[in-house]
>>> print(open('coords.cif').read())   # mmCIF, C-alpha atoms and all ligand atoms
data_structure
loop_
_atom_site.label_atom_id
_atom_site.label_comp_id
_atom_site.auth_asym_id
_atom_site.auth_seq_id
_atom_site.Cartn_x
_atom_site.Cartn_y
_atom_site.Cartn_z
CA MET V 26 -185.62 -40.42 -74.67
CA THR V 27 -182.25 -42.19 -74.62
CA ALA V 28 -179.54 -40.28 -72.77
CA GLN V 29 -176.55 -39.30 -74.89
CA VAL V 30 -173.50 -41.49 -74.43
CA GLU V 31 -170.26 -39.53 -74.47
CA ASN V 32 -167.18 -41.08 -76.07
CA VAL V 33 -164.75 -39.55 -73.61
CA VAL V 34 -165.34 -37.60 -70.42
CA ILE V 35 -162.27 -35.97 -68.90
CA VAL V 36 -162.58 -34.89 -65.30
CA GLY V 37 -160.28 -31.95 -64.59
CA THR V 38 -158.82 -28.99 -66.45
CA GLY V 39 -155.20 -28.96 -65.32
CA CYS V 40 -152.25 -29.82 -67.56
CA ALA V 41 -153.14 -33.53 -67.55
CA GLY V 42 -156.83 -33.10 -68.36
CA LEU V 43 -156.34 -30.50 -71.09
CA THR V 44 -153.54 -32.46 -72.78
CA ALA V 45 -155.80 -35.54 -72.78
CA ALA V 46 -158.47 -33.28 -74.31
CA ILE V 47 -156.14 -32.06 -77.09
CA TYR V 48 -155.21 -35.63 -78.02
CA THR V 49 -158.69 -37.17 -77.85
CA ALA V 50 -160.16 -34.19 -79.69
CA ARG V 51 -157.59 -34.55 -82.47
CA ALA V 52 -158.60 -38.23 -82.62
CA ASN V 53 -162.09 -36.93 -83.43
CA LEU V 54 -163.63 -38.25 -80.20
CA GLN V 55 -165.21 -34.88 -79.25
CA PRO V 56 -164.30 -35.14 -75.57
CA LEU V 57 -166.38 -33.52 -72.87
CA VAL V 58 -164.24 -31.89 -70.18
CA LEU V 59 -165.74 -31.38 -66.74
CA GLU V 60 -164.46 -28.29 -65.01
CA GLY V 61 -164.50 -28.35 -61.21
CA ILE V 62 -163.97 -25.64 -58.63
CA MET V 63 -160.47 -24.68 -59.79
CA PRO V 64 -160.49 -24.28 -63.59
CA GLY V 65 -156.98 -24.65 -65.00
CA GLY V 66 -155.69 -26.42 -61.90
CA GLN V 67 -152.68 -25.56 -59.80
CA LEU V 68 -150.70 -23.80 -62.55
CA THR V 69 -153.22 -20.97 -62.57
CA THR V 70 -151.99 -20.05 -59.11
CA THR V 71 -148.33 -19.96 -60.19
CA SER V 72 -146.84 -16.70 -61.40
CA GLU V 73 -144.01 -17.71 -63.67
CA VAL V 74 -143.39 -21.25 -64.94
CA GLU V 75 -139.69 -21.45 -65.78
CA ASN V 76 -139.34 -25.15 -66.51
CA PHE V 77 -142.03 -25.94 -69.08
CA PRO V 78 -140.07 -26.87 -72.24
CA GLY V 79 -140.35 -24.44 -75.11
CA PHE V 80 -140.49 -21.20 -73.12
CA PRO V 81 -136.93 -19.91 -72.66
CA GLU V 82 -138.21 -16.69 -71.02
CA GLY V 83 -140.68 -18.56 -68.80
CA VAL V 84 -144.45 -18.45 -69.18
CA ASP V 85 -147.24 -17.16 -66.98
CA GLY V 86 -149.10 -20.16 -65.47
CA PHE V 87 -152.55 -18.68 -66.13
CA MET V 88 -151.66 -17.92 -69.78
CA LEU V 89 -150.30 -21.42 -70.30
CA MET V 90 -153.58 -22.93 -69.11
CA GLN V 91 -155.65 -20.51 -71.20
CA ASN V 92 -153.65 -21.56 -74.25
CA LEU V 93 -154.04 -25.28 -73.54
CA ARG V 94 -157.76 -24.74 -73.13
CA LYS V 95 -158.03 -22.88 -76.45
CA GLN V 96 -155.93 -25.51 -78.20
CA ALA V 97 -158.23 -28.30 -76.99
CA GLU V 98 -161.33 -26.31 -77.95
CA LYS V 99 -160.01 -25.73 -81.47
CA PHE V 100 -160.16 -29.47 -82.14
CA GLY V 101 -163.70 -29.94 -80.79
CA THR V 102 -163.41 -30.25 -77.00
CA ARG V 103 -166.54 -29.22 -75.10
CA TYR V 104 -166.49 -27.86 -71.55
CA GLU V 105 -169.10 -28.09 -68.80
CA SER V 106 -168.93 -27.11 -65.15
CA GLY V 107 -169.59 -29.81 -62.65
CA THR V 108 -168.07 -31.64 -59.71
CA VAL V 109 -168.16 -35.42 -59.93
CA THR V 110 -169.33 -37.14 -56.73
CA GLY V 111 -169.15 -40.76 -57.90
CA LEU V 112 -168.51 -43.15 -60.79
CA ASP V 113 -170.82 -46.12 -61.32
CA ILE V 114 -168.92 -48.89 -63.11
CA ALA V 115 -171.57 -51.65 -62.66
CA GLN V 116 -172.41 -51.36 -66.35
CA TRP V 117 -170.47 -50.09 -69.39
CA PRO V 118 -170.77 -47.34 -70.64
CA TYR V 119 -170.11 -45.98 -67.16
CA THR V 120 -172.13 -43.36 -65.30
CA LEU V 121 -170.58 -40.30 -63.73
CA LYS V 122 -172.65 -38.84 -60.90
CA LEU V 123 -172.72 -35.07 -60.45
CA ALA V 124 -174.75 -33.06 -57.94
CA ASP V 125 -177.46 -32.18 -60.47
CA ARG V 126 -177.15 -34.78 -63.25
CA THR V 127 -175.52 -37.96 -64.49
CA ILE V 128 -173.33 -38.37 -67.57
CA THR V 129 -172.78 -41.67 -69.37
CA ALA V 130 -169.37 -42.25 -70.92
CA LYS V 131 -167.49 -44.96 -72.78
CA ILE V 132 -164.14 -43.62 -71.56
CA VAL V 133 -163.42 -41.74 -68.37
CA ILE V 134 -160.08 -39.97 -67.90
CA ILE V 135 -159.64 -38.82 -64.31
CA ALA V 136 -157.26 -35.87 -64.02
CA THR V 137 -158.53 -34.31 -60.82
CA GLY V 138 -155.15 -33.19 -59.48
CA ALA V 139 -154.42 -32.50 -55.85
CA SER V 140 -155.53 -29.84 -53.38
CA PRO V 141 -153.36 -27.87 -50.97
CA ARG V 142 -152.82 -29.55 -47.62
CA LEU V 143 -153.54 -27.48 -44.50
CA THR V 144 -151.78 -27.69 -41.14
CA GLY V 145 -154.92 -28.25 -39.04
CA VAL V 146 -153.71 -25.96 -36.22
CA PRO V 147 -156.28 -23.94 -34.22
CA GLY V 148 -157.32 -20.74 -35.97
CA GLU V 149 -156.45 -21.93 -39.47
CA LYS V 150 -159.96 -22.98 -40.49
CA GLU V 151 -161.56 -19.90 -38.93
CA LEU V 152 -159.17 -17.46 -40.66
CA TYR V 153 -158.87 -19.24 -44.03
CA GLY V 154 -159.79 -17.32 -47.18
CA GLY V 155 -159.90 -13.54 -46.96
CA LYS V 156 -159.02 -13.38 -43.25
CA GLY V 157 -155.29 -13.88 -43.56
CA VAL V 158 -154.71 -17.61 -44.12
CA THR V 159 -154.28 -18.69 -47.72
CA THR V 160 -152.53 -21.23 -49.94
CA CYS V 161 -151.93 -18.94 -52.92
CA ALA V 162 -149.42 -16.08 -52.93
CA THR V 163 -150.17 -15.26 -56.56
CA CYS V 164 -153.84 -14.79 -55.68
CA ASP V 165 -153.51 -12.97 -52.36
CA GLY V 166 -149.94 -11.62 -52.08
CA ALA V 167 -150.83 -8.08 -53.14
CA PHE V 168 -153.09 -7.68 -50.08
CA TYR V 169 -150.00 -7.75 -47.86
CA ARG V 170 -148.14 -4.71 -49.15
CA ASN V 171 -145.63 -3.47 -46.52
CA MET V 172 -146.79 -6.07 -44.00
CA GLU V 173 -144.98 -9.01 -42.43
CA VAL V 174 -146.12 -12.44 -43.58
CA ALA V 175 -145.16 -16.07 -42.95
CA VAL V 176 -144.90 -18.99 -45.35
CA ILE V 177 -145.13 -22.47 -43.82
CA GLY V 178 -143.31 -25.30 -45.63
CA GLY V 179 -139.92 -26.21 -47.03
CA GLY V 180 -140.54 -27.43 -50.58
CA ASP V 181 -140.44 -25.69 -53.95
CA SER V 182 -143.93 -24.28 -53.38
CA ALA V 183 -142.90 -22.67 -50.09
CA ALA V 184 -139.71 -21.20 -51.61
CA GLU V 185 -141.62 -19.94 -54.64
CA GLU V 186 -144.40 -18.41 -52.52
CA ALA V 187 -141.85 -16.72 -50.24
CA LEU V 188 -139.94 -15.25 -53.19
CA PHE V 189 -143.13 -14.01 -54.82
CA LEU V 190 -144.26 -12.39 -51.57
CA THR V 191 -141.06 -10.33 -51.33
CA ARG V 192 -142.57 -8.12 -54.05
CA PHE V 193 -145.18 -6.88 -51.57
CA ALA V 194 -144.40 -7.80 -47.99
CA SER V 195 -141.93 -5.91 -45.81
CA LYS V 196 -140.63 -9.22 -44.46
CA VAL V 197 -141.31 -12.89 -45.16
CA TYR V 198 -140.69 -15.55 -42.49
CA LEU V 199 -140.17 -18.97 -44.04
CA VAL V 200 -141.16 -21.42 -41.31
CA HIS V 201 -139.88 -24.94 -41.84
CA ARG V 202 -139.99 -27.93 -39.52
CA ARG V 203 -136.39 -28.99 -40.31
CA ASP V 204 -133.09 -27.14 -40.79
CA SER V 205 -132.75 -27.55 -44.56
CA LEU V 206 -135.17 -26.99 -47.39
CA ARG V 207 -136.60 -29.80 -49.48
CA ALA V 208 -136.89 -27.35 -52.39
CA SER V 209 -134.65 -27.75 -55.46
CA LYS V 210 -131.21 -26.16 -54.99
CA ILE V 211 -131.86 -23.20 -57.28
CA MET V 212 -135.08 -22.26 -55.45
CA ALA V 213 -133.60 -22.92 -52.00
CA ASP V 214 -130.55 -20.75 -52.77
CA ARG V 215 -132.71 -17.92 -54.06
CA ALA V 216 -134.95 -18.01 -50.99
CA THR V 217 -132.22 -18.26 -48.37
CA ALA V 218 -130.19 -15.48 -50.02
CA HIS V 219 -133.07 -13.03 -50.31
CA PRO V 220 -132.69 -10.08 -47.92
CA LYS V 221 -136.43 -9.90 -47.19
CA ILE V 222 -136.76 -13.59 -46.33
CA GLN V 223 -135.94 -14.72 -42.80
CA MET V 224 -135.58 -18.46 -42.35
CA VAL V 225 -137.26 -19.88 -39.23
CA TRP V 226 -135.75 -23.35 -38.98
CA ASP V 227 -136.88 -26.35 -36.93
CA SER V 228 -140.23 -24.77 -36.23
CA VAL V 229 -143.79 -26.02 -36.42
CA PRO V 230 -146.97 -23.99 -36.26
CA LEU V 231 -148.97 -24.30 -33.04
CA ALA V 232 -151.83 -21.85 -33.61
CA ILE V 233 -152.90 -18.93 -35.72
CA GLU V 234 -153.85 -15.93 -33.64
CA GLY V 235 -156.57 -13.39 -34.38
CA VAL V 236 -159.75 -15.48 -34.42
CA GLU V 237 -161.59 -13.06 -32.10
CA GLN V 238 -160.72 -10.05 -34.31
CA GLY V 239 -161.56 -12.00 -37.50
CA ALA V 240 -158.10 -11.38 -39.01
CA VAL V 241 -154.68 -12.97 -38.56
CA SER V 242 -152.57 -11.18 -35.95
CA GLY V 243 -149.77 -13.70 -35.44
CA LEU V 244 -148.41 -17.18 -35.96
CA LYS V 245 -147.56 -19.11 -32.80
CA ILE V 246 -144.70 -21.55 -33.39
CA ARG V 247 -142.63 -24.06 -31.43
CA ASN V 248 -138.97 -24.81 -32.03
CA VAL V 249 -138.81 -28.61 -32.15
CA LYS V 250 -135.20 -28.70 -30.92
CA THR V 251 -135.52 -26.32 -27.94
CA ASP V 252 -139.28 -26.54 -27.33
CA ALA V 253 -139.30 -22.72 -27.14
CA GLU V 254 -142.58 -21.12 -28.19
CA SER V 255 -142.85 -17.72 -29.86
CA VAL V 256 -145.25 -15.63 -31.92
CA LEU V 257 -144.37 -14.17 -35.32
CA PRO V 258 -146.18 -10.82 -35.71
CA VAL V 259 -147.62 -11.52 -39.16
CA LYS V 260 -150.82 -10.42 -40.88
CA GLY V 261 -150.74 -13.07 -43.59
CA ILE V 262 -149.99 -16.81 -43.47
CA PHE V 263 -149.31 -18.77 -46.65
CA VAL V 264 -149.54 -22.52 -46.14
CA ALA V 265 -147.38 -24.48 -48.62
CA ILE V 266 -146.97 -27.96 -47.14
CA GLY V 267 -147.84 -30.13 -50.09
CA HIS V 268 -151.05 -31.52 -51.47
CA VAL V 269 -153.76 -34.14 -51.00
CA PRO V 270 -154.85 -36.01 -54.15
CA ASN V 271 -158.46 -35.55 -55.23
CA THR V 272 -159.35 -39.21 -55.64
CA GLU V 273 -162.19 -39.84 -53.17
CA PRO V 274 -165.17 -40.09 -55.60
CA PHE V 275 -163.41 -42.74 -57.70
CA LYS V 276 -162.07 -45.14 -55.08
CA ASN V 277 -164.51 -47.89 -56.11
CA ALA V 278 -163.19 -47.85 -59.67
CA VAL V 279 -159.47 -47.18 -59.19
CA ASP V 280 -157.10 -48.52 -56.53
CA THR V 281 -155.33 -45.96 -54.36
CA ASP V 282 -152.16 -46.15 -52.25
CA ASP V 283 -151.94 -45.39 -48.52
CA GLN V 284 -151.67 -41.63 -49.23
CA GLY V 285 -154.76 -41.71 -51.44
CA TYR V 286 -152.98 -41.42 -54.83
CA PHE V 287 -154.39 -43.48 -57.69
CA GLN V 288 -152.45 -46.64 -58.40
CA PRO V 289 -152.54 -47.59 -62.06
CA THR V 290 -152.33 -51.24 -63.09
CA LEU V 291 -148.93 -52.82 -63.51
CA GLY V 292 -147.13 -51.97 -66.73
CA SER V 293 -148.90 -48.67 -67.31
CA GLN V 294 -148.81 -45.24 -65.72
CA VAL V 295 -152.38 -44.42 -66.67
CA ARG V 296 -154.45 -47.60 -67.09
CA THR V 297 -156.54 -48.73 -64.12
CA LYS V 298 -158.22 -51.94 -62.94
CA THR V 299 -161.44 -50.73 -64.62
CA PRO V 300 -161.23 -51.08 -68.41
CA GLY V 301 -161.85 -47.74 -70.11
CA VAL V 302 -161.01 -45.71 -66.99
CA TYR V 303 -157.65 -43.88 -67.04
CA VAL V 304 -155.85 -41.59 -64.62
CA ALA V 305 -153.37 -38.79 -65.30
CA GLY V 306 -151.48 -36.06 -63.50
CA ASP V 307 -151.04 -35.22 -59.83
CA CYS V 308 -153.97 -37.39 -58.67
CA ALA V 309 -151.86 -40.39 -59.75
CA ASP V 310 -148.32 -39.11 -59.25
CA HIS V 311 -146.74 -38.39 -55.89
CA VAL V 312 -143.20 -38.54 -57.27
CA PHE V 313 -142.75 -36.04 -60.10
CA ARG V 314 -145.78 -33.74 -59.84
CA GLN V 315 -144.62 -31.42 -62.60
CA ALA V 316 -146.67 -29.65 -65.25
CA ILE V 317 -144.77 -31.43 -68.00
CA THR V 318 -145.14 -34.91 -66.45
CA ALA V 319 -148.85 -34.29 -65.92
CA ALA V 320 -149.15 -33.29 -69.58
CA GLY V 321 -147.24 -36.44 -70.56
CA MET V 322 -149.61 -38.62 -68.56
CA GLY V 323 -152.60 -36.87 -70.14
CA CYS V 324 -151.16 -37.71 -73.54
CA GLN V 325 -150.59 -41.37 -72.58
CA ALA V 326 -154.11 -41.70 -71.17
CA ALA V 327 -155.60 -40.26 -74.35
CA ILE V 328 -153.64 -42.56 -76.65
CA GLU V 329 -154.42 -45.65 -74.56
CA ALA V 330 -158.09 -44.63 -74.39
CA GLU V 331 -158.30 -44.12 -78.12
CA ARG V 332 -156.82 -47.58 -78.80
CA TRP V 333 -159.08 -49.28 -76.25
CA LEU V 334 -162.17 -47.62 -77.69
CA ALA V 335 -161.24 -48.68 -81.22
CA GLU V 336 -161.15 -52.31 -79.99
CA HIS V 337 -164.20 -52.17 -77.69
CA GLY V 338 -167.01 -50.42 -79.47
CA GLY V 339 -165.73 -47.00 -80.51
P1 LIG V 401 -143.47 -30.92 -51.12
O1 LIG V 401 -142.29 -30.96 -52.02
O2 LIG V 401 -144.15 -32.17 -50.73
O3 LIG V 401 -143.03 -30.12 -49.81
C1 LIG V 401 -143.88 -30.00 -48.72
C2 LIG V 401 -143.13 -29.29 -47.61
O4 LIG V 401 -144.01 -29.08 -46.52
C3 LIG V 401 -141.95 -30.11 -47.09
O5 LIG V 401 -140.85 -29.26 -46.87
C4 LIG V 401 -142.49 -30.69 -45.78
O6 LIG V 401 -141.50 -30.84 -44.81
C5 LIG V 401 -143.47 -29.64 -45.33
N1 LIG V 401 -144.59 -30.22 -44.58
C6 LIG V 401 -145.40 -31.25 -44.93
N2 LIG V 401 -146.35 -31.45 -44.01
C7 LIG V 401 -146.13 -30.54 -43.05
C8 LIG V 401 -146.80 -30.22 -41.83
N3 LIG V 401 -147.87 -30.91 -41.42
N4 LIG V 401 -146.32 -29.21 -41.08
C9 LIG V 401 -145.23 -28.49 -41.48
N5 LIG V 401 -144.58 -28.73 -42.64
C10 LIG V 401 -145.02 -29.74 -43.40
O7 LIG V 401 -144.64 -30.00 -51.76
P2 LIG V 401 -144.58 -28.72 -52.73
O8 LIG V 401 -143.56 -27.76 -52.28
O9 LIG V 401 -145.98 -28.27 -52.88
O10 LIG V 401 -144.08 -29.31 -54.12
C11 LIG V 401 -144.83 -30.34 -54.75
C12 LIG V 401 -144.17 -30.70 -56.08
O11 LIG V 401 -144.30 -29.63 -57.00
C13 LIG V 401 -142.67 -30.98 -55.95
O12 LIG V 401 -142.33 -32.02 -56.82
C14 LIG V 401 -142.03 -29.69 -56.39
O13 LIG V 401 -140.73 -29.86 -56.91
C15 LIG V 401 -143.02 -29.22 -57.45
N6 LIG V 401 -142.97 -27.76 -57.58
C16 LIG V 401 -142.06 -27.23 -58.46
C17 LIG V 401 -141.96 -25.86 -58.59
C18 LIG V 401 -140.97 -25.30 -59.54
O14 LIG V 401 -140.19 -26.05 -60.10
N7 LIG V 401 -140.93 -24.00 -59.76
C19 LIG V 401 -142.78 -25.00 -57.83
C20 LIG V 401 -143.68 -25.56 -56.93
C21 LIG V 401 -143.75 -26.95 -56.81
P3 LIG V 401 -140.31 -31.93 -44.97
O15 LIG V 401 -139.34 -31.34 -45.95
O16 LIG V 401 -139.77 -32.02 -43.59
O17 LIG V 401 -140.97 -33.19 -45.44
#
>>> encode(input="coords.cif", output="structure tokens")
Amino acid sequence: MTAQVENVVIVGTGCAGLTAAIYTARANLQPLVLEGIMPGGQLTTTSEVENFPGFPEGVDGFMLMQNLRKQAEKFGTRYESGTVTGLDIAQWPYTLKLADRTITAKIVIIATGASPRLTGVPGEKELYGGKGVTTCATCDGAFYRNMEVAVIGGGDSAAEEALFLTRFASKVYLVHRRDSLRASKIMADRATAHPKIQMVWDSVPLAIEGVEQGAVSGLKIRNVKTDAESVLPVKGIFVAIGHVPNTEPFKNAVDTDDQGYFQPTLGSQVRTKTPGVYVAGDCADHVFRQAITAAGMGCQAAIEAERWLAEHGG
């Protein structure tokens, strides 16, 4: 029996992947979307998205992704679960390797996003997930009602997480390694002005305490200017120090930069050195990393893919 050859396989269900799905589905290519371990991508862990055009009152991140998913499905997108472990480009159509099967595809659009970066300090790994260390305030914030928590980081994510946590926590320490936030001015102003948020400047995490008890009991920090060490008496630690792009399984097919982000070919944001393989969203963008730019890249990838396929055996 000959294995079915897919027209388009899109890896990832964030803004980039689902926008690529809407466009390729409307081009009648019946895309197959592979859903990994975090369906909907990073936006599903955001409470309110205030800067996606078209929503003057803001929009819930989870709802936005549900709607994109439905929109893509309406035009014939199919979804399957599966984590891609490799892409064989020796022969076209290409072969995607998954743990339990392979999928052959004429076009591959990689929109695998980026995963939260962790600090790597002692105690973090042991207490991650359900024991007090997390990367998602929207998911876990409500567990910390009337408790003191710490957010590590100084970007928009850290400011947003800290502000969200003020709904539950009695106090939120925002621990940043410098003395000014990287976050956009509006977010930085909101965070620094909030009465429940205490800024802990110039400080880096040294260790997370509570491994023996199986639950976070404190965050040990060091002031980088004075070298003074102290322990914040927190029960929850929210790590928000940026992301690592999910590009590893595709490094044979697509060039990456020194931070691991996909590098498209010159003259295009989404085309790669492998004909018929496109990239979109945070896995290929360390500059903008916005929902709307990811969606824009998904659209570009889909349109380029559609044109390439029409010329090369669609
Ligand atoms: P980010 O902007 O890269 O910020 C990461 C923060 O973590 C920086 O403040 C950095 O410090 C700190 N950091 C990095 N490594 C560290 C380490 N090992 N130890 C301690 N601190 C460390 O990441 P992000 O906040 O996740 O934002 C990513 C992108 O998404 C940005 O473009 C952001 O604007 C966007 N975003 C937007 C919104 C919104 O508009 N509502 C919300 C969330 C995210 P330094 O400042 O010293 O480098």
>>> residues_near_ligand(input="coords.cif", ligand="ligand LIG 401 (chain V)", cutoff="9 Å", atoms="all atoms listed in the file", output="ChimeraX atom specification")
/V:71,73-76,141-145,177-186,200-209,212,228-230,264-268,311-316
>>> write_last_selection(input="coords.cif", atoms="C-alpha atoms", output="mmCIF file, in the coordinates of the input")
data_model
loop_
_atom_site.group_PDB
_atom_site.id
_atom_site.type_symbol
_atom_site.label_atom_id
_atom_site.label_comp_id
_atom_site.auth_asym_id
_atom_site.auth_seq_id
_atom_site.Cartn_x
_atom_site.Cartn_y
_atom_site.Cartn_z
ATOM 1 C CA THR V 71 -148.330 -19.960 -60.190
ATOM 2 C CA GLU V 73 -144.010 -17.710 -63.670
ATOM 3 C CA VAL V 74 -143.390 -21.250 -64.940
ATOM 4 C CA GLU V 75 -139.690 -21.450 -65.780
ATOM 5 C CA ASN V 76 -139.340 -25.150 -66.510
ATOM 6 C CA PRO V 141 -153.360 -27.870 -50.970
ATOM 7 C CA ARG V 142 -152.820 -29.550 -47.620
ATOM 8 C CA LEU V 143 -153.540 -27.480 -44.500
ATOM 9 C CA THR V 144 -151.780 -27.690 -41.140
ATOM 10 C CA GLY V 145 -154.920 -28.250 -39.040
ATOM 11 C CA ILE V 177 -145.130 -22.470 -43.820
ATOM 12 C CA GLY V 178 -143.310 -25.300 -45.630
ATOM 13 C CA GLY V 179 -139.920 -26.210 -47.030
ATOM 14 C CA GLY V 180 -140.540 -27.430 -50.580
ATOM 15 C CA ASP V 181 -140.440 -25.690 -53.950
ATOM 16 C CA SER V 182 -143.930 -24.280 -53.380
ATOM 17 C CA ALA V 183 -142.900 -22.670 -50.090
ATOM 18 C CA ALA V 184 -139.710 -21.200 -51.610
ATOM 19 C CA GLU V 185 -141.620 -19.940 -54.640
ATOM 20 C CA GLU V 186 -144.400 -18.410 -52.520
ATOM 21 C CA VAL V 200 -141.160 -21.420 -41.310
ATOM 22 C CA HIS V 201 -139.880 -24.940 -41.840
ATOM 23 C CA ARG V 202 -139.990 -27.930 -39.520
ATOM 24 C CA ARG V 203 -136.390 -28.990 -40.310
ATOM 25 C CA ASP V 204 -133.090 -27.140 -40.790
ATOM 26 C CA SER V 205 -132.750 -27.550 -44.560
ATOM 27 C CA LEU V 206 -135.170 -26.990 -47.390
ATOM 28 C CA ARG V 207 -136.600 -29.800 -49.480
ATOM 29 C CA ALA V 208 -136.890 -27.350 -52.390
ATOM 30 C CA SER V 209 -134.650 -27.750 -55.460
ATOM 31 C CA MET V 212 -135.080 -22.260 -55.450
ATOM 32 C CA SER V 228 -140.230 -24.770 -36.230
ATOM 33 C CA VAL V 229 -143.790 -26.020 -36.420
ATOM 34 C CA PRO V 230 -146.970 -23.990 -36.260
ATOM 35 C CA VAL V 264 -149.540 -22.520 -46.140
ATOM 36 C CA ALA V 265 -147.380 -24.480 -48.620
ATOM 37 C CA ILE V 266 -146.970 -27.960 -47.140
ATOM 38 C CA GLY V 267 -147.840 -30.130 -50.090
ATOM 39 C CA HIS V 268 -151.050 -31.520 -51.470
ATOM 40 C CA HIS V 311 -146.740 -38.390 -55.890
ATOM 41 C CA VAL V 312 -143.200 -38.540 -57.270
ATOM 42 C CA PHE V 313 -142.750 -36.040 -60.100
ATOM 43 C CA ARG V 314 -145.780 -33.740 -59.840
ATOM 44 C CA GLN V 315 -144.620 -31.420 -62.600
ATOM 45 C CA ALA V 316 -146.670 -29.650 -65.250
#
>>> closest_residue(input="coords.cif", among="V:Ala52, V:Asn271, V:Ala162, V:Ala218", to="Arg192 of chain V", atoms="all atoms listed in the file")
V:Ala162
>>> atom_distance(input="coords.cif", atom1="atom CA of Gly338 of chain V", atom2="atom CA of Val304 of chain V")
20.6 Å
>>> atom_distance(input="coords.cif", atom1="atom CA of Ala216 of chain V", atom2="atom CA of Ala41 of chain V")
29.1 Å
>>> closest_residue(input="coords.cif", among="V:Ala97, V:Val36, V:Leu89, V:Leu121", to="Ala305 of chain V", atoms="all atoms listed in the file")
V:Val36
>>> closest_residue(input="coords.cif", among="V:Val34, V:Tyr303, V:Ala175, V:Phe193", to="Ile246 of chain V", atoms="all atoms listed in the file")
V:Ala175
>>> residues_around(input="coords.cif", residues="Gly138 of chain V", least_positions_apart="3", cutoff="9 Å", atoms="all atoms listed in the file", output="ChimeraX atom specification")
/V:37-39,41,66-67,135,269-272,305-309
>>> atom_distance(input="coords.cif", atom1="atom CA of Ala232 of chain V", atom2="atom CA of Gly155 of chain V")
17.7 Å
>>> closest_residue(input="coords.cif", among="V:Ala253, V:Gly235, V:Leu68, V:Ala213", to="Val84 of chain V", atoms="all atoms listed in the file")
V:Leu68
>>> closest_residue(input="coords.cif", among="V:Pro258, V:Gly107, V:Gly42, V:Gly86", to="Thr70 of chain V", atoms="all atoms listed in the file")
V:Gly86
>>> residues_near_point(input="coords.cif", point="(-162.3, -47.9, -73.1)", cutoff="8 Å", atoms="only C-alpha atoms", output="list in words")
Lys131, Ile132, Val133, Pro300, Gly301, Val302, Ala330, Glu331, Arg332, Trp333, Leu334 and His337 of chain V
>>> closest_residue(input="coords.cif", among="V:Lys260, V:Lys196, V:Arg94, V:Arg296", to="Leu152 of chain V", atoms="all atoms listed in the file")
V:Lys260
>>> residues_near_point(input="coords.cif", point="(-151.7, -20.5, -46.8)", cutoff="6 Å", atoms="only C-alpha atoms", output="list of chain:residue names")
V:Val158, V:Thr159, V:Thr160, V:Ile262, V:Phe263, V:Val264
